[in-house]
Amino acid sequence: MKFSMFLNPTSLSRENDKRILDETIEQALYADELGFASVLLSEHHFSGYNTFSSPLVFGAWLGGQFKNAYLSSAVVIPALYHPARIAEEANLLDQLMNGRYILGVGAGGIPGEFAGYGMRIQTAHEVTDEQMDAVHELWDKEDDGEPLDIKTTLYSGRVLQRVSPGPYRTPHPHVMRVGFAPEKLPLYAARGYSLFVSGPDSEAIQARLAGYEQMLRDAGHSEERIKLAMEWNTTPTAVHVADTTEEAMANVAGPFARLGEWAARQGELMANYYPGEDPTQMFRPSGPGAAAPREGGGGGQGGPPSPGGPGGPGASPGRMGMWGDPDGVAALVQEHVDSGVRNLNIGFAWGEVDHKTVMRGLELFATEVMPRFPEPEGDPTPA
């Protein structure tokens with residue numbers, strides 16, 4: 001099992017932004033020191049849900065300080081970028097990280113983010129793969145080839161020479177697809193993508209992963225490339241580890257309540273995102289710990305633990321939350337292992353969890369949970 005850290009630090013007021021950014025940096029560098037395989041950076045705008053907003057800018061600064069961890073976006077939203085910018089900046093990060101960069105891409109899920117950029121959320125979902133088609137064309141462009149005319153629903157351009165810099169990996173930086181339709185899997189397999197896979201329970205996650213390795217093989221990839229794609233398939237979860245289950249339960253109650261208040265506010269704003277319309281799209285904040293609190297959610301997405309703690313009523317890793325003492329959390333991690341998950345990306349900080357609490361939770365998870373699940377042989381040497 002690989003363990004990765006997911007960064008989506010929420011700041012509920014402007015006065016907290018600097019403190020939370022500094023704390024997020026300290027947490028990420030500590031995760032690198034503790035042996036986490038990668039650090040994933042989300043992208044959200046105009047709500048405080050993610051304090052740093054840009055995974056590319058923040059990642060360029062943060063990744064240069066990692067000693068061992070990979071850097072990943074989870075996600076870059078292709079609709080918000082000209083394809084040439086994604087191609088260039090992903091290549092640059094791939095070079096700066098010596099191949100330890102994974103470009104995670106997905107459509108996004110909060111309507112107000114797209115309204116702020118003058119587009120509709122439906123458009124962003126429709127054009128994600130179209131945007132990535134153009135990115136791949138740019139990655140393939142050679143100096144002496146025919147001019148490349150870029151024409152997508154949102155952007156256009158003409159490129160006469162190659163994208164610079166080129167990638168560290170060949171033929172392009174490794175890509176992970178977040179939020180996908182099953183019928184798209186053959187396309188992603190053909191391109192050698194990894195998958196960001198979530199579901200309501202372990203069985204659903206396993207079902208979404210089933211058959212993908214064979215698709216990669218049918219696409220003609222080398223065994224090395226198949227191993228790379230499969231080892232970086234990842235599943236999100238929120239985690240808090242404390243010395244006792246009772247302490248863990250107490251620590252997460254306040255942050256979940258704050259995150260629930262934030263989510264309720266976003267729901268109230270939906271009618272203002274597109275004035276004069278009645279938006280029917282779902283409000284879907286993404287990432288570990290994203291949903292509003294609910295009763296009886298022990299081990300569940302967005303809710304405080306039930307009195308049973310880990311393993312109690314409703315405790316299921318597929319519901320995107322694990323909290324308790326190290327033994328209880330390890331038991332839930334084992335359920336992921338049994339379902340075939342190879343890489344957990346874990347949100348430790350959400351809803352303005354106290355910084356010292358996050359750091360202690362990271363330490364306990366790394367020293368008392370992770371050693372029970374040895375990591376597979378490392379990612380093939382980037383080439």
# chains A, B, ... in the order shown; residues from 1 in each chain; ligands from 1

call {"tool": "select_by_dssp", "arguments": {"residues": "stretch 84-316 of chain A", "states": "alpha helix (DSSP H)", "output": "number ranges by chain"}}
result
A: 84-96, 111-116, 121-140, 185-190, 202-209, 212-218, 223-231, 245-273

call {"tool": "residues_around", "arguments": {"residues": "A:His240", "least_positions_apart": "2", "cutoff": "12 Å", "atoms": "only C-alpha atoms", "output": "short mmCIF file (atom, residue, chain, number, x, y, z; two decimals) with N, CA, C and O atoms, in the first residue's frame"}}
result
data_model
loop_
_atom_site.label_atom_id
_atom_site.label_comp_id
_atom_site.auth_asym_id
_atom_site.auth_seq_id
_atom_site.Cartn_x
_atom_site.Cartn_y
_atom_site.Cartn_z
N THR A 237 -9.67 9.40 1.11
CA THR A 237 -10.31 9.20 2.41
C THR A 237 -9.87 10.31 3.34
O THR A 237 -8.82 10.93 3.14
N ALA A 238 -10.67 10.58 4.34
CA ALA A 238 -10.29 11.50 5.42
C ALA A 238 -9.89 10.67 6.63
O ALA A 238 -10.51 9.66 6.93
N ALA A 242 -5.65 9.59 16.75
CA ALA A 242 -5.26 10.14 18.05
C ALA A 242 -4.85 8.98 18.95
O ALA A 242 -4.96 7.80 18.57
N ASP A 243 -4.38 9.29 20.12
CA ASP A 243 -3.93 8.25 21.03
C ASP A 243 -5.07 7.34 21.48
O ASP A 243 -4.86 6.16 21.75
N THR A 244 -6.28 7.88 21.55
CA THR A 244 -7.45 7.10 21.91
C THR A 244 -8.59 7.42 20.95
O THR A 244 -8.62 8.50 20.34
N THR A 245 -9.53 6.49 20.82
CA THR A 245 -10.70 6.73 19.98
C THR A 245 -11.51 7.91 20.49
O THR A 245 -12.00 8.73 19.70
N GLU A 246 -11.63 8.02 21.82
CA GLU A 246 -12.41 9.11 22.39
C GLU A 246 -11.80 10.46 22.04
O GLU A 246 -12.52 11.41 21.70
N GLU A 247 -10.49 10.55 22.08
CA GLU A 247 -9.82 11.80 21.72
C GLU A 247 -10.02 12.12 20.24
O GLU A 247 -10.28 13.27 19.88
N ALA A 248 -9.94 11.11 19.39
CA ALA A 248 -10.13 11.33 17.96
C ALA A 248 -11.54 11.84 17.68
O ALA A 248 -11.73 12.78 16.90
N MET A 249 -12.52 11.25 18.31
CA MET A 249 -13.91 11.68 18.12
C MET A 249 -14.09 13.13 18.53
O MET A 249 -14.75 13.91 17.84
N ALA A 250 -13.50 13.50 19.65
CA ALA A 250 -13.62 14.88 20.12
C ALA A 250 -12.92 15.84 19.18
O ALA A 250 -13.40 16.95 18.92
N ASN A 251 -11.78 15.44 18.64
CA ASN A 251 -10.99 16.32 17.78
C ASN A 251 -11.68 16.65 16.47
O ASN A 251 -11.50 17.74 15.92
N VAL A 252 -12.46 15.70 15.90
CA VAL A 252 -13.03 15.93 14.58
C VAL A 252 -14.40 16.59 14.62
O VAL A 252 -14.88 17.09 13.61
N ALA A 253 -15.05 16.62 15.80
CA ALA A 253 -16.43 17.13 15.86
C ALA A 253 -16.51 18.59 15.42
O ALA A 253 -17.36 18.96 14.60
N PRO A 255 -14.27 20.55 13.61
CA PRO A 255 -13.97 20.77 12.19
C PRO A 255 -15.08 20.31 11.25
O PRO A 255 -15.38 20.97 10.26
N PHE A 256 -15.71 19.18 11.54
CA PHE A 256 -16.80 18.74 10.69
C PHE A 256 -17.98 19.70 10.77
O PHE A 256 -18.66 19.97 9.77
N PRO A 288 -11.33 14.34 0.24
CA PRO A 288 -11.60 13.75 1.54
C PRO A 288 -12.24 14.74 2.50
O PRO A 288 -11.82 15.88 2.62
N GLY A 289 -13.27 14.31 3.20
CA GLY A 289 -13.91 15.14 4.20
C GLY A 289 -14.78 16.23 3.63
O GLY A 289 -15.07 17.22 4.30
N GLY A 298 -19.97 7.26 11.73
CA GLY A 298 -18.69 6.72 12.13
C GLY A 298 -17.95 6.15 10.95
O GLY A 298 -18.43 5.23 10.31
N GLY A 299 -16.77 6.68 10.66
CA GLY A 299 -16.04 6.24 9.49
C GLY A 299 -16.66 6.74 8.21
O GLY A 299 -16.25 6.34 7.13
N PRO A 304 -19.22 13.16 12.03
CA PRO A 304 -18.43 12.76 13.18
C PRO A 304 -18.64 11.29 13.47
O PRO A 304 -19.65 10.70 13.07
N PRO A 305 -17.69 10.65 14.13
CA PRO A 305 -17.80 9.22 14.35
C PRO A 305 -18.94 8.87 15.28
O PRO A 305 -19.29 9.62 16.17
N GLY A 309 -17.10 4.25 17.36
CA GLY A 309 -15.76 4.53 16.88
C GLY A 309 -15.47 3.72 15.62
O GLY A 309 -16.36 3.20 14.96
N PRO A 310 -14.18 3.59 15.26
CA PRO A 310 -13.83 2.80 14.09
C PRO A 310 -14.39 1.39 14.21
O PRO A 310 -14.25 0.74 15.23
N MET A 320 -15.31 7.19 2.97
CA MET A 320 -14.35 8.28 2.92
C MET A 320 -14.04 8.90 4.27
O MET A 320 -13.82 10.09 4.37
N GLY A 321 -13.94 8.09 5.31
CA GLY A 321 -13.49 8.64 6.57
C GLY A 321 -13.05 7.56 7.53
O GLY A 321 -13.69 6.51 7.64
N MET A 322 -11.93 7.79 8.22
CA MET A 322 -11.43 6.85 9.22
C MET A 322 -10.88 7.67 10.37
O MET A 322 -10.02 8.52 10.15
N TRP A 323 -11.37 7.42 11.56
CA TRP A 323 -10.85 8.12 12.72
C TRP A 323 -10.89 7.23 13.94
O TRP A 323 -11.78 6.41 14.10
N GLY A 324 -9.90 7.39 14.80
CA GLY A 324 -9.82 6.58 16.00
C GLY A 324 -8.39 6.41 16.43
O GLY A 324 -7.50 7.18 16.04
N ASP A 325 -8.15 5.39 17.26
CA ASP A 325 -6.78 5.10 17.67
C ASP A 325 -6.09 4.33 16.54
O ASP A 325 -6.72 3.91 15.56
N PRO A 326 -4.76 4.13 16.65
CA PRO A 326 -4.06 3.48 15.54
C PRO A 326 -4.59 2.10 15.18
O PRO A 326 -4.68 1.76 13.99
N GLY A 328 -7.68 0.91 15.51
CA GLY A 328 -8.97 1.02 14.82
C GLY A 328 -8.82 1.51 13.40
O GLY A 328 -9.48 1.01 12.49
N VAL A 329 -7.96 2.52 13.19
CA VAL A 329 -7.75 3.04 11.83
C VAL A 329 -7.08 1.99 10.97
O VAL A 329 -7.42 1.81 9.79
N ALA A 330 -6.11 1.25 11.53
CA ALA A 330 -5.44 0.21 10.76
C ALA A 330 -6.42 -0.86 10.30
O ALA A 330 -6.30 -1.40 9.18
N ILE A 346 -4.94 10.76 1.49
CA ILE A 346 -5.57 11.01 2.78
C ILE A 346 -5.61 12.49 3.10
O ILE A 346 -4.58 13.17 3.09
N GLY A 347 -6.81 12.98 3.42
CA GLY A 347 -6.96 14.33 3.93
C GLY A 347 -6.86 14.32 5.44
O GLY A 347 -7.69 13.71 6.12
N PHE A 348 -5.84 14.96 5.97
CA PHE A 348 -5.66 15.07 7.42
C PHE A 348 -6.15 16.41 7.96
O PHE A 348 -6.38 16.54 9.15
N ALA A 349 -6.24 17.42 7.09
CA ALA A 349 -6.59 18.78 7.52
C ALA A 349 -7.79 19.26 6.74
O ALA A 349 -7.71 19.45 5.53
N TRP A 350 -8.92 19.46 7.41
CA TRP A 350 -10.14 19.93 6.78
C TRP A 350 -10.94 20.64 7.86
O TRP A 350 -10.86 20.33 9.06
N VAL A 353 -8.98 22.09 11.08
CA VAL A 353 -8.50 21.25 12.17
C VAL A 353 -7.27 21.91 12.78
O VAL A 353 -6.41 22.45 12.07
N ASP A 354 -7.16 21.89 14.09
CA ASP A 354 -6.03 22.49 14.79
C ASP A 354 -4.72 21.92 14.26
O ASP A 354 -4.56 20.70 14.09
N THR A 357 -2.95 19.26 16.23
CA THR A 357 -3.71 18.02 16.13
C THR A 357 -3.40 17.29 14.83
O THR A 357 -3.23 16.06 14.81
N VAL A 358 -3.30 18.04 13.73
CA VAL A 358 -2.95 17.43 12.44
C VAL A 358 -1.55 16.83 12.51
O VAL A 358 -1.34 15.68 12.07
N MET A 359 -0.60 17.56 13.04
CA MET A 359 0.77 17.07 13.10
C MET A 359 0.88 15.82 13.95
O MET A 359 1.60 14.87 13.60
N ARG A 360 0.19 15.78 15.05
CA ARG A 360 0.19 14.58 15.90
C ARG A 360 -0.46 13.42 15.17
O ARG A 360 0.03 12.28 15.22
N GLY A 361 -1.56 13.69 14.46
CA GLY A 361 -2.22 12.64 13.70
C GLY A 361 -1.34 12.08 12.60
O GLY A 361 -1.29 10.86 12.36
N LEU A 362 -0.61 12.96 11.90
CA LEU A 362 0.34 12.52 10.88
C LEU A 362 1.40 11.60 11.47
O LEU A 362 1.72 10.55 10.92
N GLU A 363 1.93 12.02 12.61
CA GLU A 363 2.98 11.23 13.25
C GLU A 363 2.47 9.85 13.66
O GLU A 363 3.13 8.83 13.40
N LEU A 364 1.30 9.81 14.28
CA LEU A 364 0.75 8.52 14.71
C LEU A 364 0.45 7.63 13.51
O LEU A 364 0.72 6.41 13.54
N PHE A 365 -0.11 8.21 12.45
CA PHE A 365 -0.43 7.40 11.27
C PHE A 365 0.85 6.83 10.66
O PHE A 365 0.90 5.66 10.28
N ALA A 366 1.88 7.67 10.54
CA ALA A 366 3.11 7.24 9.88
C ALA A 366 3.89 6.23 10.71
O ALA A 366 4.55 5.34 10.15
N VAL A 369 0.58 3.14 11.96
CA VAL A 369 -0.34 2.51 10.99
C VAL A 369 0.41 2.11 9.72
O VAL A 369 0.34 0.95 9.28
#

call {"tool": "residues_around", "arguments": {"residues": "A:Leu7", "least_positions_apart": "6", "cutoff": "10 Å", "atoms": "only C-alpha atoms", "output": "number ranges by chain"}}
result
A: 24-25, 27-28, 39-43, 50-52, 55, 73-74, 287-288, 345-350

call {"tool": "residues_around", "arguments": {"residues": "stretch 58-63 of chain A", "least_positions_apart": "4", "cutoff": "7 Å", "atoms": "only C-alpha atoms", "output": "list in words"}}
result
Phe52, Ser54, Leu71, Leu93 and Met97 of chain A

call {"tool": "residues_around", "arguments": {"residues": "A:Arg169", "least_positions_apart": "2", "cutoff": "12 Å", "atoms": "only C-alpha atoms", "output": "JSON, numbers by chain"}}
result
{"A": [90, 91, 92, 93, 94, 95, 96, 97, 98, 99, 100, 101, 102, 139, 165, 166, 167, 171, 172, 173, 174, 175, 225, 228, 380, 381, 382, 383]}

call {"tool": "residues_around", "arguments": {"residues": "stretch 200-214 of chain A", "least_positions_apart": "3", "cutoff": "12 Å", "atoms": "only C-alpha atoms", "output": "PyMOL selection string"}}
result
chain A and resi 179-190+192-197+217-223+225-231+233-237+299-301+314-321+332-342+344

call {"tool": "decode", "arguments": {"residues": "stretch 42-71 of chain A", "atoms": "N, CA and C atoms", "output": "PDB file, in the first residue's frame"}}
result
ATOM      1  N   SER A  42      -5.259  20.106  -4.410  1.00  0.00           N
ATOM      2  CA  SER A  42      -6.544  20.317  -5.073  1.00  0.00           C
ATOM      3  C   SER A  42      -6.597  21.704  -5.717  1.00  0.00           C
ATOM      4  N   GLU A  43      -7.665  21.944  -6.463  1.00  0.00           N
ATOM      5  CA  GLU A  43      -7.912  23.267  -7.051  1.00  0.00           C
ATOM      6  C   GLU A  43      -9.353  23.681  -6.781  1.00  0.00           C
ATOM      7  N   HIS A  44      -9.538  24.770  -6.049  1.00  0.00           N
ATOM      8  CA  HIS A  44     -10.851  25.348  -5.801  1.00  0.00           C
ATOM      9  C   HIS A  44     -10.707  26.862  -5.712  1.00  0.00           C
ATOM     10  N   HIS A  45     -11.777  27.574  -6.070  1.00  0.00           N
ATOM     11  CA  HIS A  45     -11.725  29.028  -6.159  1.00  0.00           C
ATOM     12  C   HIS A  45     -12.940  29.684  -5.509  1.00  0.00           C
ATOM     13  N   PHE A  46     -12.724  30.897  -5.015  1.00  0.00           N
ATOM     14  CA  PHE A  46     -13.783  31.845  -4.638  1.00  0.00           C
ATOM     15  C   PHE A  46     -14.635  31.437  -3.437  1.00  0.00           C
ATOM     16  N   SER A  47     -14.137  30.554  -2.585  1.00  0.00           N
ATOM     17  CA  SER A  47     -14.977  30.153  -1.456  1.00  0.00           C
ATOM     18  C   SER A  47     -14.201  29.885  -0.174  1.00  0.00           C
ATOM     19  N   GLY A  48     -12.873  29.859  -0.231  1.00  0.00           N
ATOM     20  CA  GLY A  48     -12.088  29.500   0.932  1.00  0.00           C
ATOM     21  C   GLY A  48     -11.986  28.012   1.161  1.00  0.00           C
ATOM     22  N   TYR A  49     -12.636  27.219   0.309  1.00  0.00           N
ATOM     23  CA  TYR A  49     -12.571  25.761   0.474  1.00  0.00           C
ATOM     24  C   TYR A  49     -11.138  25.267   0.343  1.00  0.00           C
ATOM     25  N   ASN A  50     -10.394  25.867  -0.587  1.00  0.00           N
ATOM     26  CA  ASN A  50      -8.961  25.601  -0.716  1.00  0.00           C
ATOM     27  C   ASN A  50      -8.239  26.930  -0.640  1.00  0.00           C
ATOM     28  N   THR A  51      -7.370  27.097   0.352  1.00  0.00           N
ATOM     29  CA  THR A  51      -6.733  28.386   0.597  1.00  0.00           C
ATOM     30  C   THR A  51      -5.751  28.767  -0.502  1.00  0.00           C
ATOM     31  N   PHE A  52      -5.002  27.788  -1.076  1.00  0.00           N
ATOM     32  CA  PHE A  52      -3.968  28.157  -2.050  1.00  0.00           C
ATOM     33  C   PHE A  52      -4.503  28.224  -3.483  1.00  0.00           C
ATOM     34  N   SER A  53      -5.669  27.720  -3.768  1.00  0.00           N
ATOM     35  CA  SER A  53      -6.364  27.831  -5.055  1.00  0.00           C
ATOM     36  C   SER A  53      -5.628  27.165  -6.220  1.00  0.00           C
ATOM     37  N   SER A  54      -4.361  27.507  -6.452  1.00  0.00           N
ATOM     38  CA  SER A  54      -3.657  27.039  -7.645  1.00  0.00           C
ATOM     39  C   SER A  54      -2.707  25.894  -7.321  1.00  0.00           C
ATOM     40  N   PRO A  55      -2.996  24.673  -7.785  1.00  0.00           N
ATOM     41  CA  PRO A  55      -2.064  23.574  -7.538  1.00  0.00           C
ATOM     42  C   PRO A  55      -0.777  23.688  -8.342  1.00  0.00           C
ATOM     43  N   LEU A  56      -0.786  24.449  -9.424  1.00  0.00           N
ATOM     44  CA  LEU A  56       0.422  24.595 -10.231  1.00  0.00           C
ATOM     45  C   LEU A  56       1.407  25.568  -9.589  1.00  0.00           C
ATOM     46  N   VAL A  57       0.918  26.727  -9.163  1.00  0.00           N
ATOM     47  CA  VAL A  57       1.811  27.711  -8.535  1.00  0.00           C
ATOM     48  C   VAL A  57       2.281  27.219  -7.173  1.00  0.00           C
ATOM     49  N   PHE A  58       1.341  26.788  -6.341  1.00  0.00           N
ATOM     50  CA  PHE A  58       1.707  26.292  -5.014  1.00  0.00           C
ATOM     51  C   PHE A  58       2.595  25.056  -5.128  1.00  0.00           C
ATOM     52  N   GLY A  59       2.287  24.195  -6.098  1.00  0.00           N
ATOM     53  CA  GLY A  59       3.082  22.991  -6.279  1.00  0.00           C
ATOM     54  C   GLY A  59       4.506  23.276  -6.701  1.00  0.00           C
ATOM     55  N   ALA A  60       4.714  24.290  -7.552  1.00  0.00           N
ATOM     56  CA  ALA A  60       6.069  24.626  -7.988  1.00  0.00           C
ATOM     57  C   ALA A  60       6.933  25.054  -6.815  1.00  0.00           C
ATOM     58  N   TRP A  61       6.323  25.773  -5.870  1.00  0.00           N
ATOM     59  CA  TRP A  61       7.088  26.225  -4.699  1.00  0.00           C
ATOM     60  C   TRP A  61       7.279  25.082  -3.707  1.00  0.00           C
ATOM     61  N   LEU A  62       6.218  24.321  -3.471  1.00  0.00           N
ATOM     62  CA  LEU A  62       6.258  23.281  -2.445  1.00  0.00           C
ATOM     63  C   LEU A  62       7.093  22.083  -2.887  1.00  0.00           C
ATOM     64  N   GLY A  63       6.892  21.635  -4.128  1.00  0.00           N
ATOM     65  CA  GLY A  63       7.558  20.425  -4.588  1.00  0.00           C
ATOM     66  C   GLY A  63       9.068  20.523  -4.581  1.00  0.00           C
ATOM     67  N   GLY A  64       9.598  21.726  -4.785  1.00  0.00           N
ATOM     68  CA  GLY A  64      11.038  21.898  -4.769  1.00  0.00           C
ATOM     69  C   GLY A  64      11.678  21.626  -3.424  1.00  0.00           C
ATOM     70  N   GLN A  65      10.867  21.547  -2.392  1.00  0.00           N
ATOM     71  CA  GLN A  65      11.387  21.281  -1.047  1.00  0.00           C
ATOM     72  C   GLN A  65      11.253  19.819  -0.634  1.00  0.00           C
ATOM     73  N   PHE A  66      10.594  18.994  -1.461  1.00  0.00           N
ATOM     74  CA  PHE A  66      10.440  17.580  -1.118  1.00  0.00           C
ATOM     75  C   PHE A  66      11.752  16.836  -1.332  1.00  0.00           C
ATOM     76  N   LYS A  67      12.032  15.923  -0.437  1.00  0.00           N
ATOM     77  CA  LYS A  67      13.208  15.071  -0.574  1.00  0.00           C
ATOM     78  C   LYS A  67      12.880  13.786  -1.326  1.00  0.00           C
ATOM     79  N   ASN A  68      11.692  13.241  -1.098  1.00  0.00           N
ATOM     80  CA  ASN A  68      11.344  11.944  -1.681  1.00  0.00           C
ATOM     81  C   ASN A  68       9.946  11.892  -2.282  1.00  0.00           C
ATOM     82  N   ALA A  69       8.996  12.605  -1.727  1.00  0.00           N
ATOM     83  CA  ALA A  69       7.601  12.472  -2.139  1.00  0.00           C
ATOM     84  C   ALA A  69       7.377  12.962  -3.565  1.00  0.00           C
ATOM     85  N   TYR A  70       6.431  12.337  -4.228  1.00  0.00           N
ATOM     86  CA  TYR A  70       5.932  12.839  -5.497  1.00  0.00           C
ATOM     87  C   TYR A  70       5.015  14.035  -5.231  1.00  0.00           C
ATOM     88  N   LEU A  71       4.882  14.875  -6.239  1.00  0.00           N
ATOM     89  CA  LEU A  71       3.921  15.970  -6.236  1.00  0.00           C
ATOM     90  C   LEU A  71       2.830  15.641  -7.246  1.00  0.00           C
TER      91      LEU A  71
END
